[in-house]
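Only one structure is covered here, and it is reproduced in the block below.
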Amino acid sequence: MPSISTTSPPDVASRDSDEWNCKSRDNEKSRDNEKSRDNEKSRDSKELDSKSRDNKQEQADYYYSWVHSHIIKYQTPALGLFPRRRSSYVTDNVYCGVVIWALSKVFARLNDGSGRQIELELTAVKTMRAILCCFSKQLHKLEKFKKQQDPEFCLHVKFDPETGEEIPQQFHNIQIRSVSLYLFYLCQMIRSGLVLIYTLEECHIIQNLVYYIERAYRIKDFGMWGQGRKDRPDEPELSASSIGITIAALRACDGLNLFGSGCSHETTLFVDPDAVFRNVSILHSLLPRESKSKDVDAALIMTKGFPAFVVEDPSLCSLIEENVEGELRGCHGYKRFIGDRGGRSDLSFLSQDPESQIDSQTLSESNLSNAQEDLEWPFIILFQTMTCVFQGRTEDVERYRSVLDPLLFNTDGYPTIPLYHSSRTGTNNTRTTAFQAFLILSELLEKQLIHPHDIDYRREKVQSTSGGSPIIQIALLSESTAFQALLSTYGITSQTPNQIESVYVWPSKKLVDLLYYHGSDEKLGLTGRPKRPLGSLCTSRVWKIDGKSVVCIPLYQDKQDFYISKDETFIAKAIKSHLKFLRTHWRESSRPTFCLFLTSVLFKKNGKPLFKLLNTLKSGKFKDIPIKMGRLQELITAASKKEVLNAAPNMDFHEHRILASPVLCRRTLSIKSLTDSKTELSSSRSTNENERKEVDKEYGEIVAECEALSEEDLLSFATTDPATCCNVIALIELSRRRGKDYRVDGDTITELMEHHYKTQDGDWLALRCCASFLRKTVDSLAPSVSAVIASGRSLSFGVHGQPEILVEGPMHPRLLRGILHDQVGEQSLLHSSLQQECLIYIAELLIDHPELFKGILIIRLGSLIEVLQSAQRLEQRPLEKLPPHLLSKKIRNLLSADQKSKEGQWKEHRLITGILGRVPDDFPSRVWLILQHQNIRFFCGEGSLVSSDILSTKVSEPYFAMKIERFLNCFPTDTRHFVIELFHVLSATLQRNPEVNLVEEFPVLEFIEKSEVRLEQSFEEVSKKFIGCLIKYEFVRLANIENCIVS
């Protein structure tokens, strides 16, 4: 049997081997091909990267030459400013510095070794420091303006480009926007790593510039265009664009260490978050308008978009965009605002080429003043483009670019943007360095040579801190261990100040005193933060001062704030408002933390509101607000901390502890138990009720009786303790005769009143009289005024029927005190405290229930009190004797009832709406229709409404509504609503009978008297009488309107 071979036959083996080798060679070839393809791809990628890099390098070199040719070429060698002929403006220099800094970022990305990055950075630094040098020459003005926002002390923003001295000629220098823009980009550059601040003195100047702009929400300036009101350009007004860039600047400055991280707290900028909130509030009250006189304005593009980005409501941004695109966009750019002819503008936002012989005055007086149409400005397209780049709207970027490119012209081989376009004179091709800076910056962003975050560090921070509702932390402090034990029996856990020795609890006023030194510099003549109250956002932080932790109690718990802190129900309401405010406006990632200081005085009468609230907070939630209560030492770890302060000279921390403070030291009551206290309260209430029925008299009656008393009888009241309202009013009458320093039993009348003010707890009329006599003012009153102004309304102080003091903008606390105590107090002493109370309650209602004020343009505090007093007379309980929380409830009820009472209550409705000044929503449009129908003049005494009033305004403009309101003020309150009804009848009549013409001189009050209308008549009855009067006394030119029916 033949053996079986284990090897293949030679031919077969050879064949298999050849096949294997072939496959192997094929695989090797395949791998070689793949490697070759990979290598080719790698080479292609490297070539592409190299080409891309070469392309970017070429682009960077191109822009470098462009910037040198059109911008850096004109920088003054000595100081570093960019001139416009013989002047230099802050805004121009900032934007020139920004584009140079942005270009340095391009070379930084390329890692260019030519040194151009350093050169550009230092050029930008030179510009920004030149502006700082100019401001440092005006520190005396800066210090005065911080305390008193007077135009005389505002910083000049127009300088001599060679010396940096302010230009002495008349100029619209009230431009908060310019200072804010400078601070905004100074902080951006510092955050990017540039060293701009060299000394501690310069840090103090920057900190004081922050204090300078903090109150932009109540400073009228000349806005972006260097113009005031549309109809009166020399009169400044509140501008949304100025407030917007201020908000951006404050947010950019907040917490920035000017020397870099890890440096002294003295070089860290402090920004009051409550000031930021008030600016935001006023901004949103103005939007979508630019100001009261300017309905649509292109400056709002820079507010909602680049560079500010401070309008966070998408629907509001869309509305602004629609208004601007619909009313201002043209074929060659955008109009600045409707009615802009450029004639009075100083054009301070641009910097003209020094080689050009055309200055801004020439532009204003020659080319612009003759224009019969609104001018179109191409540079505004650039801000729209940059906004789209930041928001990633690529298609819109291309769309705006396609509009802009045909408008550009060539200068020295580089694109140049025109100044403006007029349909009469054509395009003005004057070259401006500021406009060129906008153009270059836009192109750098469009071509992605720089990214938005390269020049907007602040925007990243704002986006990262915005989130949901924060967890609010609350620590409860008891005044003593005895009161702590009492609270614990009701399930309320608290600490005493001795149990938190590692943490210092201060009244907010002590922190205000400390901040007075932050930024102060004796050598420069600068103090720190002006002594103004700190709001809820500030007092909800833990402050690190010289390594020690300090917590503040809220302002509404500070007894010195006002007597309303003695009303436990009001305190409970204030705590609720505080929580809602923090939930809505807290922007930090850490938790807001504050202390509530519980005293036996708060629970003396009726602790039920506070107990109910504290037990609700214990559950961990108040409505939809998450709450955490606990020991203060434990809460601090998650609390928001602000470590920016050094202790004031010779400060003793223990001296400022809460119990050692004269502000909050209160007499501790011996309370056996809360039940005993309530029993005593019930007994005293029944006694007080009986006494009240016998002797409960109004303030005016008591004053009249005291005026009739002899001096001996008045003195007999002075020794009574505790004092009643009669005793206090007797002392006031005695001081009127003998003076405030007259002594009674060894004490002056002022000292006695201070004693009564501190010890009196239940007699609210006595407390109000003491507060008025001692000129007490709520520390937080100015923010309440701002809340009213933010709602788009004005405020009137003064007793009803006497001259009123109208407030149409936010006010300095010093001016408010003068109005209340010097002017209102002279009309009625009691009103100086009552009107403060009403203002506080109204500000709260405007925030929580704005619908209650529908149709009220001017909130008249005196008239409001008059209505309330009339209602209280029917209840036989004087308004001035009500506790604060009941007074606030009466105000809300009145405003609610006024909106409901009509049918069957026409007399009451007309009287209340007349006193409150409420008008229907469509009333301005009805007046407009009548004035537009024919040439007519309605008059009453010196007041009038004429057809010419509508020529320079729109029906929607606040100024037109204010003209109507001032005309209505000429009428008695019982006639005012008849005037509103008359215009309703006239507008309806003219709409249905356009052929009818009224007499050209229309005496409104005389007409109403002849109509013989009565308050109790229905509107239908009044309408018929008005139509009958029109015919009978020939107030119309066409008499066939007997069949007119007004519904």
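Please note that chains go A, B, ... in the order of the structure tokens, that every chain numbers its residues from 1, and that ligands are numbered from 1 in the order shown.
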Which polymer residues have any atom within 7 Å of an atom of segment 422-425 of chain A, counting only C-alpha atoms, with same-chain residues fewer than 2 positions away left out, as an MDAnalysis selection string?
chainID A and resid 375:376 420 427
Keeping all heavy atoms, export the residues of the selection given above as a short mmCIF file (atom, residue, chain, number, x, y, z; two decimals), in the first residue's frame.
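Just written: again-v9.cif:
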data_model
loop_
_atom_site.label_atom_id
_atom_site.label_comp_id
_atom_site.auth_asym_id
_atom_site.auth_seq_id
_atom_site.Cartn_x
_atom_site.Cartn_y
_atom_site.Cartn_z
N LEU A 375 -31.68 112.15 7.92
CA LEU A 375 -30.45 111.65 7.31
C LEU A 375 -30.31 110.16 7.58
O LEU A 375 -30.82 109.65 8.58
CB LEU A 375 -29.24 112.40 7.88
CG LEU A 375 -29.28 113.92 7.74
CD1 LEU A 375 -28.08 114.54 8.41
CD2 LEU A 375 -29.34 114.31 6.28
N GLU A 376 -29.60 109.46 6.70
CA GLU A 376 -29.35 108.03 6.87
C GLU A 376 -27.87 107.81 7.13
O GLU A 376 -27.01 108.34 6.42
CB GLU A 376 -29.80 107.26 5.62
CG GLU A 376 -31.30 107.33 5.41
CD GLU A 376 -31.75 106.62 4.14
OE1 GLU A 376 -30.88 105.99 3.49
OE2 GLU A 376 -32.94 106.69 3.79
N TYR A 420 -22.72 110.10 6.18
CA TYR A 420 -24.17 109.99 6.13
C TYR A 420 -24.62 110.17 4.69
O TYR A 420 -23.84 110.51 3.80
CB TYR A 420 -24.85 111.04 7.03
CG TYR A 420 -24.65 112.46 6.57
CD1 TYR A 420 -25.46 113.02 5.59
CD2 TYR A 420 -23.63 113.25 7.12
CE1 TYR A 420 -25.27 114.32 5.16
CE2 TYR A 420 -23.44 114.55 6.70
CZ TYR A 420 -24.25 115.09 5.71
OH TYR A 420 -24.05 116.37 5.27
N THR A 427 -24.31 111.63 -0.80
CA THR A 427 -23.51 110.98 0.25
C THR A 427 -22.37 111.89 0.69
O THR A 427 -21.64 112.42 -0.15
CB THR A 427 -22.95 109.64 -0.25
OG1 THR A 427 -24.03 108.79 -0.63
CG2 THR A 427 -22.12 108.96 0.82
#
If we count only C-alpha atoms, what is near segment 976-988 of chain A at a cut-off of 10 Å, once residues fewer than 4 positions away on the same chain are taken out, given as an MDAnalysis selection string?
chainID A and resid 909:915 917:920 922:931 933 967:972 992:994 998 1004:1005 1007:1008 1013:1015 1019 1022:1024 1026:1027 1030 1044:1047
Between atom CA of Thr759 of chain A and atom CA of Arg737 of chain A, measure the distance and give it in Å to one decimal.
25.3 Å
Leaving out His585 of chain A and any residue of its chain fewer than 3 positions from it, which residues lie within 9 Å of it when counting only C-alpha atoms, given as a JSON list (two decimals) with N, CA, C and O atoms, in the first residue's frame?
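Okay, result.json is ready:
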[["chain", "number", "residue", "atom", "x", "y", "z"],
["A", 277, "PHE", "N", -29.76, 96.78, 39.73],
["A", 277, "PHE", "CA", -31.18, 96.45, 39.61],
["A", 277, "PHE", "C", -32.01, 97.69, 39.29],
["A", 277, "PHE", "O", -32.90, 97.66, 38.43],
["A", 537, "LEU", "N", -30.19, 93.17, 47.92],
["A", 537, "LEU", "CA", -29.16, 92.33, 47.31],
["A", 537, "LEU", "C", -27.84, 92.45, 48.05],
["A", 537, "LEU", "O", -27.11, 91.47, 48.21],
["A", 580, "LYS", "N", -39.51, 87.50, 47.66],
["A", 580, "LYS", "CA", -39.90, 87.56, 46.24],
["A", 580, "LYS", "C", -38.87, 88.32, 45.42],
["A", 580, "LYS", "O", -38.55, 87.95, 44.29],
["A", 581, "PHE", "N", -38.37, 89.40, 46.00],
["A", 581, "PHE", "CA", -37.38, 90.21, 45.29],
["A", 581, "PHE", "C", -36.11, 89.41, 45.03],
["A", 581, "PHE", "O", -35.55, 89.43, 43.92],
["A", 582, "LEU", "N", -35.62, 88.69, 46.07],
["A", 582, "LEU", "CA", -34.40, 87.89, 45.91],
["A", 582, "LEU", "C", -34.61, 86.79, 44.88],
["A", 582, "LEU", "O", -33.71, 86.50, 44.08]]
Please indicate the distance in Å from atom CA of Ile500 of chain A to atom CA of Ser540 of chain A, rounded to one decimal place.
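For atom CA of Ile500 of chain A relative to atom CA of Ser540 of chain A, the distance reads 17.3 Å.
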Backbone DSSP call of alpha helix (DSSP H) for segment 101-242 of chain A, listed as a PyMOL selection string:
chain A and resi 101-110+116-136+139-147+176-191+200-213+240-242
Report, in Å to a single decimal, how far apart atom CA of Val99 of chain A and atom CA of Asn55 of chain A are.
20.5 Å
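Restricting the calculation to only C-alpha atoms, the smallest distance between Tyr516 of chain A and any of A:Ala782, A:Gly228, A:Phe270, A:Thr394 is found for A:Phe270.
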Could you check the closest approach to Gln633 of chain A for each of A:Phe483, A:Phe773, A:Tyr89, A:Tyr504 and tell me which residue wins, using only C-alpha atoms?
A:Tyr504
I need the residue nearest Phe1002 of chain A from this list: A:Asp747, A:Asp763, A:Glu1034, A:Glu1021. Use only C-alpha atoms for the distance.
A:Glu1034
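Residues lying within 12 Å of Lys612 of chain A, counting only C-alpha atoms and ignoring same-chain neighbours fewer than 4 positions away, are Tyr490, Gly491, Ile492, Glu568, Thr569, Ala572, Lys573, Lys576, Asn606, Gly607, Lys608, Thr616, Leu617, Lys618, Ser619 and Phe622 of chain A.
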Using C-alpha atoms, can you export the residues from the last selection as a PDB file, in the first residue's frame?
ATOM      1  CA  TYR A 490     -43.551  77.576  69.685  1.00  0.00           C
ATOM      2  CA  GLY A 491     -41.205  75.472  67.582  1.00  0.00           C
ATOM      3  CA  ILE A 492     -39.016  78.339  66.355  1.00  0.00           C
ATOM      4  CA  GLU A 568     -45.272  93.462  63.205  1.00  0.00           C
ATOM      5  CA  THR A 569     -47.728  92.871  60.363  1.00  0.00           C
ATOM      6  CA  ALA A 572     -44.085  90.129  58.019  1.00  0.00           C
ATOM      7  CA  LYS A 573     -45.201  91.671  54.733  1.00  0.00           C
ATOM      8  CA  LYS A 576     -42.382  88.262  52.055  1.00  0.00           C
ATOM      9  CA  ASN A 606     -49.989  90.465  67.934  1.00  0.00           C
ATOM     10  CA  GLY A 607     -47.292  88.046  66.953  1.00  0.00           C
ATOM     11  CA  LYS A 608     -49.623  85.959  64.819  1.00  0.00           C
ATOM     12  CA  THR A 616     -44.215  78.528  56.810  1.00  0.00           C
ATOM     13  CA  LEU A 617     -40.517  79.239  56.227  1.00  0.00           C
ATOM     14  CA  LYS A 618     -39.599  76.265  58.443  1.00  0.00           C
ATOM     15  CA  SER A 619     -41.287  73.957  55.935  1.00  0.00           C
ATOM     16  CA  PHE A 622     -42.597  79.884  50.727  1.00  0.00           C
TER      17      PHE A 622
END
